[in-house]
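Here is input.txt, consisting of compact mmCIF, C-alpha atoms:
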# COMPACT_ATOMS: atom_id res chain seq x y z
CA MET A 1065 0.00 0.00 0.00
CA LEU A 1066 2.87 2.35 0.81
CA ARG A 1067 4.00 1.94 -2.79
CA TYR A 1068 0.93 3.92 -3.84
CA ALA A 1069 1.50 6.57 -1.21
CA ASN A 1070 3.73 8.40 -3.65
CA PRO A 1071 1.60 11.30 -4.94
CA THR A 1072 2.77 10.91 -8.54
CA ARG A 1073 2.00 7.22 -8.57
CA PHE A 1074 -1.30 7.93 -6.89
CA MET A 1075 -2.18 10.47 -9.58
CA GLN A 1076 -1.46 7.90 -12.33
CA LEU A 1077 -3.37 5.10 -10.65
CA SER A 1078 -6.34 7.22 -9.68
CA GLY A 1079 -6.44 8.73 -13.17
CA THR A 1080 -6.98 5.28 -14.67
CA LEU A 1081 -9.37 4.12 -11.93
CA LEU A 1082 -11.52 7.21 -11.80
CA PRO A 1083 -13.66 6.69 -14.93
CA TRP A 1084 -14.35 3.08 -13.86
CA LEU A 1085 -15.32 4.06 -10.35
CA GLY A 1086 -17.50 6.88 -11.63
CA GLY A 1087 -19.13 4.61 -14.20
CA ALA A 1088 -19.77 1.92 -11.63
CA SER A 1089 -21.39 4.35 -9.22
CA ILE A 1090 -23.65 5.81 -11.93
CA ALA A 1091 -24.68 2.33 -13.12
CA LEU A 1092 -25.33 1.06 -9.61
CA LEU A 1093 -27.25 4.16 -8.56
CA ALA A 1094 -29.34 3.99 -11.74
CA ALA A 1095 -30.06 0.30 -11.21
CA GLY A 1096 -30.84 0.88 -7.56
CA LEU A 1097 -33.19 3.75 -8.29
CA TYR A 1098 -34.95 1.76 -11.03
CA LEU A 1099 -35.38 -1.25 -8.76
CA GLY A 1100 -36.39 1.02 -5.94
CA PHE A 1101 -39.12 2.74 -7.89
CA THR A 1102 -40.48 -0.44 -9.48
CA ALA A 1103 -40.63 -2.28 -6.16
CA PRO A 1104 -44.20 -2.71 -4.91
CA PRO A 1105 -45.30 -0.28 -2.19
CA ASP A 1106 -45.04 -1.56 1.35
CA TYR A 1107 -48.27 -2.75 2.94
CA GLN A 1108 -47.73 -0.53 5.96
CA GLN A 1109 -45.66 2.37 4.76
CA GLY A 1110 -46.95 2.60 1.20
CA ASP A 1111 -44.74 4.52 -1.20
CA THR A 1112 -42.75 6.20 1.54
CA VAL A 1113 -40.77 3.00 1.97
CA ARG A 1114 -38.76 4.13 -1.05
CA VAL A 1115 -37.11 6.81 1.06
CA MET A 1116 -35.22 3.93 2.63
CA PHE A 1117 -33.21 3.41 -0.53
CA ILE A 1118 -31.68 6.87 -0.38
CA HIS A 1119 -31.67 7.22 3.38
CA VAL A 1120 -30.11 4.05 4.74
CA PRO A 1121 -27.13 3.95 2.33
CA ALA A 1122 -26.40 7.62 3.10
CA ALA A 1123 -26.17 6.78 6.77
CA TRP A 1124 -23.93 3.78 6.10
CA THR A 1125 -21.66 5.84 3.89
CA ALA A 1126 -21.45 8.60 6.48
CA MET A 1127 -20.20 6.13 9.09
CA MET A 1128 -17.81 4.54 6.63
CA GLY A 1129 -16.52 8.03 5.86
CA TYR A 1130 -15.63 8.65 9.49
CA GLY A 1131 -13.90 5.29 9.70
CA LEU A 1132 -11.84 6.00 6.58
CA MET A 1133 -11.02 9.47 7.84
CA ALA A 1134 -9.83 8.08 11.16
CA VAL A 1135 -7.70 5.41 9.48
CA ALA A 1136 -6.16 8.00 7.15
CA SER A 1137 -5.52 10.24 10.16
CA LEU A 1138 -3.79 7.43 12.01
CA VAL A 1139 -1.60 6.66 9.00
CA GLY A 1140 -0.82 10.36 8.60
CA LEU A 1141 0.04 10.73 12.27
CA VAL A 1142 2.19 7.62 12.53
CA TRP A 1143 4.02 7.66 9.21
CA ARG A 1144 3.80 11.42 8.69
CA HIS A 1145 2.71 10.90 5.15
CA PRO A 1146 1.24 13.95 3.41
CA LEU A 1147 -0.98 11.88 1.10
CA ALA A 1148 -2.74 10.35 4.13
CA ASP A 1149 -3.29 13.85 5.51
CA VAL A 1150 -4.79 14.93 2.22
CA ALA A 1151 -6.98 11.82 2.18
CA ALA A 1152 -8.28 12.52 5.69
CA LYS A 1153 -8.91 16.17 4.90
CA SER A 1154 -10.78 15.30 1.71
CA ALA A 1155 -12.96 12.69 3.38
CA ALA A 1156 -14.38 15.06 6.01
CA PRO A 1157 -16.64 17.31 3.90
CA LEU A 1158 -17.92 14.26 2.01
CA GLY A 1159 -18.73 12.50 5.24
CA ALA A 1160 -20.45 15.62 6.55
CA VAL A 1161 -22.58 15.88 3.41
CA PHE A 1162 -23.59 12.22 3.59
CA THR A 1163 -24.42 12.66 7.28
CA ALA A 1164 -26.55 15.70 6.48
CA LEU A 1165 -28.21 13.78 3.64
CA GLY A 1166 -28.98 10.96 6.02
CA LEU A 1167 -30.47 13.39 8.53
CA ILE A 1168 -32.54 15.26 5.96
CA THR A 1169 -33.93 12.17 4.26
CA GLY A 1170 -34.54 10.65 7.68
CA SER A 1171 -36.50 13.72 8.67
CA LEU A 1172 -38.50 13.60 5.43
CA TRP A 1173 -39.21 9.93 6.08
CA GLY A 1174 -40.06 10.56 9.72
CA ARG A 1175 -42.73 13.14 8.91
CA PRO A 1176 -45.23 10.71 7.31
CA MET A 1177 -44.13 7.73 9.41
CA TRP A 1178 -43.77 9.14 12.93
CA GLY A 1179 -45.83 12.28 12.40
CA ALA A 1180 -42.91 14.51 13.30
CA TRP A 1181 -39.93 15.95 11.46
CA TRP A 1182 -37.69 15.06 14.31
CA VAL A 1183 -37.89 12.65 17.20
CA TRP A 1184 -35.12 12.24 19.75
CA ASP A 1185 -34.47 8.72 18.65
CA GLY A 1186 -31.11 7.16 19.42
CA ARG A 1187 -29.87 6.94 15.88
CA LEU A 1188 -31.03 10.39 14.86
CA THR A 1189 -29.39 11.95 17.86
CA SER A 1190 -26.10 10.15 17.46
CA PHE A 1191 -26.08 11.13 13.80
CA LEU A 1192 -26.59 14.74 14.73
CA LEU A 1193 -23.58 14.45 17.04
CA LEU A 1194 -21.63 12.78 14.23
CA LEU A 1195 -22.42 15.79 12.04
CA PHE A 1196 -21.04 18.10 14.74
CA LEU A 1197 -17.89 15.98 14.98
CA TYR A 1198 -17.40 16.35 11.23
CA LEU A 1199 -18.03 20.10 11.37
CA GLY A 1200 -15.60 20.54 14.27
CA TYR A 1201 -12.96 18.60 12.34
CA ILE A 1202 -13.44 20.77 9.24
CA ALA A 1203 -13.45 23.97 11.29
CA LEU A 1204 -10.25 22.98 13.09
CA TRP A 1205 -8.55 22.20 9.82
CA ASN A 1206 -9.57 25.51 8.29
CA ALA A 1207 -8.59 27.55 11.32
CA ILE A 1208 -4.94 26.51 11.44
CA GLU A 1209 -2.94 28.11 8.67
CA ASP A 1210 0.15 25.93 8.69
CA GLU A 1211 -0.78 22.83 6.69
CA THR A 1212 1.27 20.14 8.43
CA ARG A 1213 0.26 21.49 11.82
CA ALA A 1214 -3.40 21.59 10.80
CA ALA A 1215 -3.14 18.02 9.52
CA ARG A 1216 -1.71 16.74 12.80
CA ALA A 1217 -4.15 18.64 14.98
CA ALA A 1218 -7.09 17.44 12.90
CA ALA A 1219 -5.73 13.89 12.97
CA ILE A 1220 -5.60 13.93 16.77
CA LEU A 1221 -9.15 15.21 16.86
CA ALA A 1222 -10.32 12.54 14.41
CA LEU A 1223 -8.77 9.81 16.54
CA VAL A 1224 -10.18 11.18 19.79
CA GLY A 1225 -13.54 11.30 18.04
CA ALA A 1226 -13.15 7.76 16.75
CA VAL A 1227 -12.44 6.48 20.27
CA ASN A 1228 -15.38 8.45 21.60
CA LEU A 1229 -17.92 7.60 18.89
CA PRO A 1230 -18.86 4.14 20.24
CA ILE A 1231 -19.28 5.65 23.72
CA ILE A 1232 -21.45 8.46 22.38
CA GLU A 1233 -23.48 5.92 20.43
CA PHE A 1234 -23.91 3.78 23.54
CA SER A 1235 -24.81 6.69 25.79
CA VAL A 1236 -27.39 8.04 23.37
CA ASP A 1237 -28.98 4.60 23.00
CA TRP A 1238 -29.01 4.27 26.76
CA TRP A 1239 -30.58 7.72 27.02
CA THR A 1240 -33.41 6.96 24.60
CA THR A 1241 -34.34 3.79 26.41
CA LEU A 1242 -34.50 5.88 29.56
CA HIS A 1243 -36.97 8.22 27.86
CA GLN A 1244 -38.75 5.44 26.06
CA GLY A 1245 -42.28 6.18 27.19
CA GLU A 1246 -42.60 9.41 25.31
CA SER A 1247 -40.64 9.21 22.10
CA ILE A 1248 -40.28 5.84 20.44
CA LEU A 1249 -43.07 5.63 17.95
CA ARG A 1250 -41.63 2.96 15.75
CA SER A 1251 -43.66 -0.18 15.40
CA GLY A 1252 -41.47 -3.20 14.82
CA GLY A 1253 -41.74 -3.07 11.04
CA PRO A 1254 -41.78 -6.20 8.92
CA LEU A 1255 -38.49 -7.87 8.13
CA ILE A 1256 -37.11 -6.58 4.87
CA SER A 1257 -38.18 -8.77 1.98
CA THR A 1258 -35.94 -9.45 -0.98
CA VAL A 1259 -37.97 -7.06 -3.16
CA TYR A 1260 -36.50 -4.27 -1.04
CA LEU A 1261 -33.20 -5.88 -0.27
CA TRP A 1262 -31.92 -5.80 -3.83
CA PRO A 1263 -32.45 -2.10 -4.51
CA LEU A 1264 -31.04 -1.37 -1.05
CA PHE A 1265 -27.94 -3.40 -1.87
CA ALA A 1266 -27.50 -1.69 -5.21
CA MET A 1267 -27.93 1.74 -3.71
CA ALA A 1268 -25.54 0.97 -0.85
CA LEU A 1269 -22.87 -0.15 -3.30
CA GLY A 1270 -23.63 2.82 -5.53
CA TYR A 1271 -23.24 5.25 -2.62
CA THR A 1272 -19.99 3.58 -1.60
CA PHE A 1273 -18.59 3.85 -5.12
CA LEU A 1274 -19.82 7.43 -5.31
CA PHE A 1275 -18.01 8.23 -2.08
CA PHE A 1276 -14.78 6.75 -3.37
CA THR A 1277 -15.16 8.54 -6.71
CA LEU A 1278 -15.70 11.92 -5.10
CA TRP A 1279 -13.00 11.21 -2.54
CA MET A 1280 -10.50 10.45 -5.27
CA ILE A 1281 -11.47 13.58 -7.17
CA ARG A 1282 -11.03 15.67 -4.04
CA ILE A 1283 -7.63 14.14 -3.27
CA ARG A 1284 -6.51 14.75 -6.84
CA THR A 1285 -7.71 18.34 -6.71
CA GLU A 1286 -5.90 18.92 -3.44
CA ILE A 1287 -2.65 17.46 -4.78
CA LEU A 1288 -2.90 19.54 -7.93
CA SER A 1289 -3.68 22.74 -6.06
CA ARG A 1290 -0.74 22.14 -3.73
CA ARG A 1291 1.51 21.68 -6.73
CA VAL A 1292 0.21 24.89 -8.26
CA ARG A 1293 0.83 26.69 -4.98
CA SER A 1294 4.40 25.45 -4.67
CA LEU A 1295 5.07 26.35 -8.31
CA MET A 1296 3.77 29.84 -7.68
CA LEU A 1297 5.88 30.14 -4.54
CA THR A 1298 9.05 29.14 -6.33
CA GLY A 1299 8.17 31.56 -9.10
CA GLU A 1300 8.43 29.01 -11.87
CA ALA A 1301 4.91 29.59 -13.14
CA MET B 599 4.09 18.66 38.98
CA SER B 600 2.75 19.96 42.28
CA ALA B 601 4.56 23.25 41.71
CA LEU B 602 2.81 23.65 38.37
CA LEU B 603 -0.49 22.65 39.92
CA LEU B 604 -0.15 25.21 42.71
CA ARG B 605 0.96 27.91 40.30
CA ASP B 606 -2.07 27.37 38.07
CA ILE B 607 -4.44 27.32 41.02
CA ARG B 608 -2.96 30.57 42.32
CA LEU B 609 -3.26 32.19 38.91
CA ALA B 610 -6.88 31.13 38.56
CA THR B 611 -7.98 32.25 42.01
CA ARG B 612 -6.22 35.62 42.16
CA ALA B 613 -7.89 38.77 40.88
CA GLY B 614 -8.80 38.49 37.21
CA GLY B 615 -8.57 34.71 37.39
CA SER B 616 -11.06 32.44 35.71
CA ALA B 617 -12.33 30.57 38.77
CA MET B 618 -14.76 33.20 40.05
CA LEU B 619 -15.86 34.07 36.53
CA ALA B 620 -16.78 30.49 35.73
CA LEU B 621 -18.68 30.23 38.99
CA ALA B 622 -20.60 33.45 38.34
CA PHE B 623 -21.37 32.33 34.80
CA PHE B 624 -22.69 29.02 36.11
CA ALA B 625 -25.00 30.78 38.57
CA ALA B 626 -26.15 33.33 35.96
CA VAL B 627 -27.08 30.67 33.40
CA ALA B 628 -28.94 28.70 36.05
CA THR B 629 -30.85 31.86 37.00
CA LEU B 630 -31.83 32.66 33.42
CA VAL B 631 -33.48 29.29 32.81
CA PRO B 632 -36.43 29.73 35.22
CA LEU B 633 -36.96 33.17 33.69
CA GLY B 634 -37.26 31.46 30.33
CA VAL B 635 -39.40 28.44 31.19
CA GLY B 636 -41.50 29.82 34.03
CA ALA B 637 -41.44 29.45 37.79
CA ASP B 638 -43.29 26.12 38.04
CA LEU B 639 -41.24 24.30 40.66
CA LYS B 640 -42.41 20.89 39.56
CA LEU B 641 -41.15 21.48 36.03
CA LEU B 642 -37.96 23.09 37.32
CA ALA B 643 -37.20 20.13 39.59
CA ARG B 644 -37.63 17.86 36.60
CA ILE B 645 -35.21 19.77 34.36
CA ALA B 646 -32.81 20.90 37.11
CA ALA B 647 -30.29 18.13 36.54
CA GLY B 648 -30.11 18.75 32.81
CA VAL B 649 -29.91 22.52 33.14
CA LEU B 650 -27.25 22.47 35.85
CA TRP B 651 -25.21 19.88 33.99
CA VAL B 652 -25.29 21.86 30.74
CA ALA B 653 -24.50 25.07 32.63
CA ALA B 654 -21.57 23.36 34.37
CA VAL B 655 -20.17 22.14 31.05
CA LEU B 656 -20.48 25.60 29.51
CA ALA B 657 -18.89 27.26 32.53
CA SER B 658 -15.97 24.83 32.36
CA LEU B 659 -15.54 25.58 28.67
CA LEU B 660 -15.40 29.28 29.44
CA ALA B 661 -12.28 28.80 31.51
CA LEU B 662 -10.71 26.25 29.15
CA ASP B 663 -9.96 28.88 26.58
CA ARG B 664 -7.12 30.21 28.75
CA LEU B 665 -5.88 26.83 30.01
CA PHE B 666 -2.78 26.83 27.83
CA GLN B 667 -3.28 29.99 25.81
CA ALA B 668 -1.89 32.55 28.28
CA ASP B 669 1.21 30.45 28.95
CA PHE B 670 1.61 29.85 25.23
CA GLU B 671 1.47 33.53 24.38
CA ASP B 672 3.98 34.74 26.95
CA GLY B 673 6.32 31.86 26.27
CA SER B 674 6.14 30.18 29.66
CA LEU B 675 4.67 27.05 28.09
CA ASP B 676 7.93 26.59 26.17
CA LEU B 677 9.84 26.78 29.44
CA ILE B 678 7.43 24.40 31.17
CA ALA B 679 7.87 21.99 28.28
CA LEU B 680 11.66 22.16 28.73
CA ALA B 681 11.34 21.01 32.34
CA PRO B 682 12.37 17.41 33.03
CA GLN B 683 8.83 16.14 33.58
CA SER B 684 7.03 14.77 30.56
CA LEU B 685 4.51 16.84 28.63
CA GLU B 686 1.87 14.28 29.62
CA THR B 687 2.49 15.10 33.28
CA THR B 688 2.27 18.80 32.49
CA ALA B 689 -1.01 18.27 30.67
CA PHE B 690 -2.36 16.25 33.59
CA ALA B 691 -1.28 18.85 36.16
CA LYS B 692 -2.83 21.73 34.24
CA THR B 693 -6.03 19.75 33.68
CA ALA B 694 -6.19 18.95 37.38
CA ALA B 695 -5.69 22.62 38.21
CA HIS B 696 -8.49 23.52 35.83
CA TRP B 697 -10.81 21.05 37.54
CA LEU B 698 -9.87 22.22 41.03
CA THR B 699 -10.64 25.83 40.10
CA THR B 700 -13.79 25.32 38.00
CA GLY B 701 -15.31 21.83 38.25
CA LEU B 702 -14.92 21.50 41.99
CA PRO B 703 -16.31 24.96 42.92
CA LEU B 704 -19.22 24.39 40.52
CA THR B 705 -19.94 21.10 42.22
CA VAL B 706 -19.87 22.73 45.64
CA LEU B 707 -22.21 25.48 44.49
CA SER B 708 -24.62 23.12 42.73
CA PRO B 709 -26.65 22.04 45.83
CA LEU B 710 -27.51 25.69 46.47
CA LEU B 711 -28.81 26.12 42.93
CA ALA B 712 -30.58 22.78 43.18
CA VAL B 713 -32.53 24.17 46.13
CA LEU B 714 -33.60 27.10 43.96
CA PHE B 715 -34.84 24.57 41.40
CA GLY B 716 -36.84 22.71 44.03
CA LEU B 717 -34.88 19.49 43.66
CA PRO B 718 -35.59 16.97 46.47
CA GLU B 719 -32.77 16.26 48.88
CA GLU B 720 -31.80 12.78 47.69
CA ALA B 721 -31.76 14.03 44.10
CA THR B 722 -29.60 16.98 45.14
CA LEU B 723 -27.14 14.56 46.66
CA ALA B 724 -27.16 12.57 43.42
CA LEU B 725 -26.52 15.75 41.44
CA PHE B 726 -23.63 16.67 43.72
CA VAL B 727 -22.06 13.23 43.38
CA SER B 728 -22.60 13.09 39.62
CA LEU B 729 -20.95 16.51 39.15
CA LEU B 730 -18.12 15.50 41.46
CA ILE B 731 -17.48 12.39 39.37
CA GLY B 732 -18.29 13.84 35.95
CA THR B 733 -16.68 17.27 35.85
CA PRO B 734 -13.11 15.87 35.79
CA ALA B 735 -14.05 14.27 32.46
CA VAL B 736 -15.21 17.67 31.22
CA SER B 737 -11.86 19.20 32.15
CA ALA B 738 -9.93 16.30 30.66
CA ILE B 739 -11.70 16.24 27.30
CA GLY B 740 -11.81 20.01 27.24
CA ALA B 741 -8.05 20.11 27.72
CA VAL B 742 -7.60 18.12 24.49
CA GLY B 743 -9.65 20.75 22.68
CA ALA B 744 -7.73 23.57 24.35
CA GLY B 745 -4.46 22.00 23.25
CA LEU B 746 -5.63 21.53 19.68
CA THR B 747 -6.91 25.09 19.31
CA LEU B 748 -3.84 26.56 20.99
CA SER B 749 -2.28 28.28 18.00
CA ILE B 750 -5.56 29.56 16.60
CA ARG B 751 -6.06 33.23 17.26
CA ARG B 752 -9.77 32.93 17.98
CA GLY B 753 -9.54 29.38 19.21
CA GLY B 754 -12.21 29.99 21.82
CA LEU B 755 -14.83 29.97 19.09
CA ILE B 756 -13.88 26.57 17.70
CA LEU B 757 -13.24 24.95 21.06
CA PRO B 758 -16.93 24.43 21.98
CA LEU B 759 -17.71 22.99 18.55
CA ILE B 760 -15.08 20.28 18.83
CA VAL B 761 -15.51 19.57 22.53
CA LEU B 762 -19.28 19.64 23.10
CA PRO B 763 -20.18 16.56 20.97
CA LEU B 764 -17.51 14.59 22.82
CA LEU B 765 -19.07 15.55 26.14
CA ALA B 766 -22.51 14.19 25.28
CA PRO B 767 -21.96 10.99 27.33
CA ALA B 768 -21.02 12.99 30.45
CA VAL B 769 -24.19 15.09 30.26
CA ILE B 770 -26.37 12.07 29.51
CA PHE B 771 -25.06 9.91 32.36
CA GLY B 772 -24.68 12.85 34.74
CA ALA B 773 -28.24 14.04 34.36
CA GLY B 774 -29.39 10.41 34.16
CA ALA B 775 -27.99 9.75 37.62
CA VAL B 776 -30.30 12.43 39.02
CA LEU B 777 -33.34 11.25 37.06
CA GLU B 778 -32.59 7.78 38.42
CA VAL B 779 -33.24 9.07 41.93
CA LEU B 780 -36.22 11.24 40.91
CA ASP B 781 -37.93 8.33 39.17
CA GLY B 782 -36.89 5.81 41.76
CA LEU B 783 -35.44 3.40 39.25
CA SER B 784 -32.03 1.92 38.96
CA ASN B 785 -30.20 2.38 35.68
CA GLY B 786 -26.54 2.37 36.64
CA ALA B 787 -25.97 5.89 35.34
CA LEU B 788 -23.53 6.72 38.10
CA LEU B 789 -21.41 3.65 37.35
CA LEU B 790 -21.35 4.45 33.65
CA LEU B 791 -20.44 8.06 34.43
CA THR B 792 -17.60 6.87 36.66
CA ALA B 793 -16.32 4.60 33.91
CA PHE B 794 -16.49 7.39 31.35
CA SER B 795 -14.75 9.81 33.67
CA PHE B 796 -11.90 7.42 34.46
CA PHE B 797 -11.51 6.61 30.79
CA ALA B 798 -11.40 10.29 29.83
CA CYS B 799 -9.03 11.30 32.64
CA VAL B 800 -6.58 8.52 31.89
CA LEU B 801 -6.44 8.87 28.11
CA SER B 802 -6.86 12.61 27.64
CA PRO B 803 -3.45 13.72 28.94
CA PHE B 804 -1.82 11.74 26.13
CA ALA B 805 -3.95 13.41 23.45
CA THR B 806 -3.46 16.79 25.11
CA ALA B 807 0.30 16.31 25.24
CA ALA B 808 0.34 15.32 21.57
CA ALA B 809 -1.60 18.49 20.75
CA LEU B 810 0.77 20.63 22.82
CA ARG B 811 3.78 19.01 21.23
CA LEU B 812 2.66 19.86 17.72
CA ASN B 813 1.87 23.44 18.68
CA LEU B 814 5.21 23.90 20.39
CA GLY B 815 6.84 22.60 17.25
CA SER B 816 9.02 20.03 18.95
Structure translated into structure tokens:
Amino acid sequence: MLRYANPTRFMQLSGTLLPWLGGASIALLAAGLYLGFTAPPDYQQGDTVRVMFIHVPAAWTAMMGYGLMAVASLVGLVWRHPLADVAAKSAAPLGAVFTALGLITGSLWGRPMWGAWWVWDGRLTSFLLLLFLYLGYIALWNAIEDETRAARAAAILALVGAVNLPIIEFSVDWWTTLHQGESILRSGGPLISTVYLWPLFAMALGYTFLFFTLWMIRIRTEILSRRVRSLMLTGEA
Amino acid sequence: MSALLLRDIRLATRAGGSAMLALAFFAAVATLVPLGVGADLKLLARIAAGVLWVAAVLASLLALDRLFQADFEDGSLDLIALAPQSLETTAFAKTAAHWLTTGLPLTVLSPLLAVLFGLPEEATLALFVSLLIGTPAVSAIGAVGAGLTLSIRRGGLILPLIVLPLLAPAVIFGAGAVLEVLDGLSNGALLLLTAFSFFACVLSPFATAAALRLNLGS
């Protein structure tokens, strides 16, 4: 893996991979959407069940994003490799957007299902906290001017957050069971049938590929803009 | 380590120090809440734990801003870092000083405010114990944030954003310990809070020291 940590080699490799990744995500998302819209309406939820296909994968991708960001941060912190720092930096806004997408679609789904835009359900609340973790990470990175210093500070924060996330998740779950009487409106819905499982699978894969595609584009952009900056500093351009 | 601890405590308690300010802020926030939600004592007793816990966290944050900043700006942090003790020890000592000058006074003051909120006696005791156990975690996790935002000119604005989500468990378990008594059920909140606090206090100095190290450029 370290062989590909060289920025030049990464640029070559990602250049070849990018169209394939992008194509795969478009194909999978298209297939997922088609399957999702042709699936029969749920007997309880009716057509609103289709929100699941854009909501659940967004939430999965958001969590995956934090995991990848934390791993990249660890690599950057331990081996002091700039490409890992760039990777961590580029993952954060993507993760934040997927988290926000999960929250928004969840809220749109919650309105017809629970009768409220927002309920203080365990998952919703921990996702809101996840969004704040992402935003804090981005803010910290933007606030420190020196790039290597910003990378290391943000990496420490990402790791502290990664250690804390399971605890936050647990505490919020614990908290909602404490408040159970008033807020949990979910009826134990039917087990997902295969009619819904396939589009969900396709969409989840599509979202994952989309994340990697965008991530790669962002890393490439960052590398290129750093090169431009150093060229301008040396006065060669 | 004890010299550093005493020095920080002296600085915080002398005129212009942060200890009194944090305490006054805590009391002021707690006073504003009944003005906002009404004087119904039954309602106030119900929300007292949550309000006082949130106010305590915010008051601690207020003082965190200067935890390392003042020493960083006048260069004494560089000298402290040169001392033979490890940066982890330094971080721990300064965190402990922060707790002794904010968390502990807040805890001592809290029963008085709890009376104003009409909290029953056993619940007041639970609040006192939960703050006593939980506020060290607030100082410890806050110190990580203070270390990370050290070199940022307006770091005090970013500090709450990065620290508050991490403190969610402390507020949940802390307030939960009081609700446990109010509702007469047993949910183990105090044990979970103790575990969280130990965890935070043991691990945070390492993260704080790492943050200090990168800001000191060594």
With all atoms listed in the file as the counted atoms, please give the residues lying no more than 8 Å from region 1201-1206 of chain A, apart from itself and same-chain residues fewer than 6 positions off, as a PyMOL selection string.
(chain A and resi 1153+1156-1157+1214-1215+1217-1218+1221-1222) or (chain B and resi 747+756+760)
So which residues touch Leu698 (chain B) within 10 Å, counting only C-alpha atoms, skipping near sequence neighbours fewer than 4 positions away, as a ChimeraX atom specification?
/B:603,606-607,610,617,692-694,702-704,733-734,737
Would you kindly identify which residues have an atom no farther than 10 Å from (-25.2, 21.4, 41.7), using all atoms listed in the file and the file's own coordinates, and write them out as an mmCIF file with C-alpha atoms, keeping the file's coordinate frame?
data_model
loop_
_atom_site.group_PDB
_atom_site.id
_atom_site.type_symbol
_atom_site.label_atom_id
_atom_site.label_comp_id
_atom_site.auth_asym_id
_atom_site.auth_seq_id
_atom_site.Cartn_x
_atom_site.Cartn_y
_atom_site.Cartn_z
ATOM 1 C CA PHE B 624 -22.690 29.020 36.110
ATOM 2 C CA ALA B 625 -25.000 30.780 38.570
ATOM 3 C CA ALA B 628 -28.940 28.700 36.050
ATOM 4 C CA ALA B 646 -32.810 20.900 37.110
ATOM 5 C CA ALA B 647 -30.290 18.130 36.540
ATOM 6 C CA VAL B 649 -29.910 22.520 33.140
ATOM 7 C CA LEU B 650 -27.250 22.470 35.850
ATOM 8 C CA TRP B 651 -25.210 19.880 33.990
ATOM 9 C CA ALA B 653 -24.500 25.070 32.630
ATOM 10 C CA ALA B 654 -21.570 23.360 34.370
ATOM 11 C CA PRO B 703 -16.310 24.960 42.920
ATOM 12 C CA LEU B 704 -19.220 24.390 40.520
ATOM 13 C CA THR B 705 -19.940 21.100 42.220
ATOM 14 C CA VAL B 706 -19.870 22.730 45.640
ATOM 15 C CA LEU B 707 -22.210 25.480 44.490
ATOM 16 C CA SER B 708 -24.620 23.120 42.730
ATOM 17 C CA PRO B 709 -26.650 22.040 45.830
ATOM 18 C CA LEU B 710 -27.510 25.690 46.470
ATOM 19 C CA LEU B 711 -28.810 26.120 42.930
ATOM 20 C CA ALA B 712 -30.580 22.780 43.180
ATOM 21 C CA VAL B 713 -32.530 24.170 46.130
ATOM 22 C CA THR B 722 -29.600 16.980 45.140
ATOM 23 C CA LEU B 723 -27.140 14.560 46.660
ATOM 24 C CA ALA B 724 -27.160 12.570 43.420
ATOM 25 C CA LEU B 725 -26.520 15.750 41.440
ATOM 26 C CA PHE B 726 -23.630 16.670 43.720
ATOM 27 C CA VAL B 727 -22.060 13.230 43.380
ATOM 28 C CA SER B 728 -22.600 13.090 39.620
ATOM 29 C CA LEU B 729 -20.950 16.510 39.150
ATOM 30 C CA LEU B 730 -18.120 15.500 41.460
#
I'd like a table as a tab-separated table: residues in chain B with an atom no more than 7 Å from chain A, each row giving the shortest atom pair and its distance in Å to one decimal, only C-alpha atoms counted, sorted by chain and rising residue number.
residue	atom	partner	partner_atom	distance
B:Leu746	CA	A:Ala1217	CA	5.7
B:Ile750	CA	A:Ile1208	CA	6.0
B:Ile756	CA	A:Leu1204	CA	6.9
B:Leu759	CA	A:Gly1200	CA	5.4
B:Ile760	CA	A:Gly1200	CA	4.6
B:Pro763	CA	A:Leu1193	CA	5.6
B:Leu764	CA	A:Asn1228	CA	6.6
B:Ala766	CA	A:Ile1232	CA	6.5
B:Pro767	CA	A:Ser1235	CA	5.4
B:Ile770	CA	A:Trp1239	CA	6.5
B:Ala805	CA	A:Ile1220	CA	6.9
B:Ala809	CA	A:Ala1217	CA	6.3
B:Leu812	CA	A:Arg1213	CA	6.6
Let's have the selection written as a PDB file, in the frame of the given file, with C-alpha atoms.
ATOM      1  CA  LEU B 746      -5.630  21.530  19.680  1.00  0.00           C
ATOM      2  CA  ILE B 750      -5.560  29.560  16.600  1.00  0.00           C
ATOM      3  CA  ILE B 756     -13.880  26.570  17.700  1.00  0.00           C
ATOM      4  CA  LEU B 759     -17.710  22.990  18.550  1.00  0.00           C
ATOM      5  CA  ILE B 760     -15.080  20.280  18.830  1.00  0.00           C
ATOM      6  CA  PRO B 763     -20.180  16.560  20.970  1.00  0.00           C
ATOM      7  CA  LEU B 764     -17.510  14.590  22.820  1.00  0.00           C
ATOM      8  CA  ALA B 766     -22.510  14.190  25.280  1.00  0.00           C
ATOM      9  CA  PRO B 767     -21.960  10.990  27.330  1.00  0.00           C
ATOM     10  CA  ILE B 770     -26.370  12.070  29.510  1.00  0.00           C
ATOM     11  CA  ALA B 805      -3.950  13.410  23.450  1.00  0.00           C
ATOM     12  CA  ALA B 809      -1.600  18.490  20.750  1.00  0.00           C
ATOM     13  CA  LEU B 812       2.660  19.860  17.720  1.00  0.00           C
TER      14      LEU B 812
END
Any idea what's packed within 10 Å of region 1110-1125 of chain A, counting only C-alpha atoms, ignoring anything in its chain fewer than 4 positions away? Could you give it as an MDAnalysis selection string?
chainID A and resid 1093 1096:1097 1099:1106 1129:1131 1158:1159 1161:1174 1176:1177 1187 1191 1260:1275
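Pairwise distance (CA of Leu660 (chain B), CA of Leu641 (chain B)) equals 27.7 Å.
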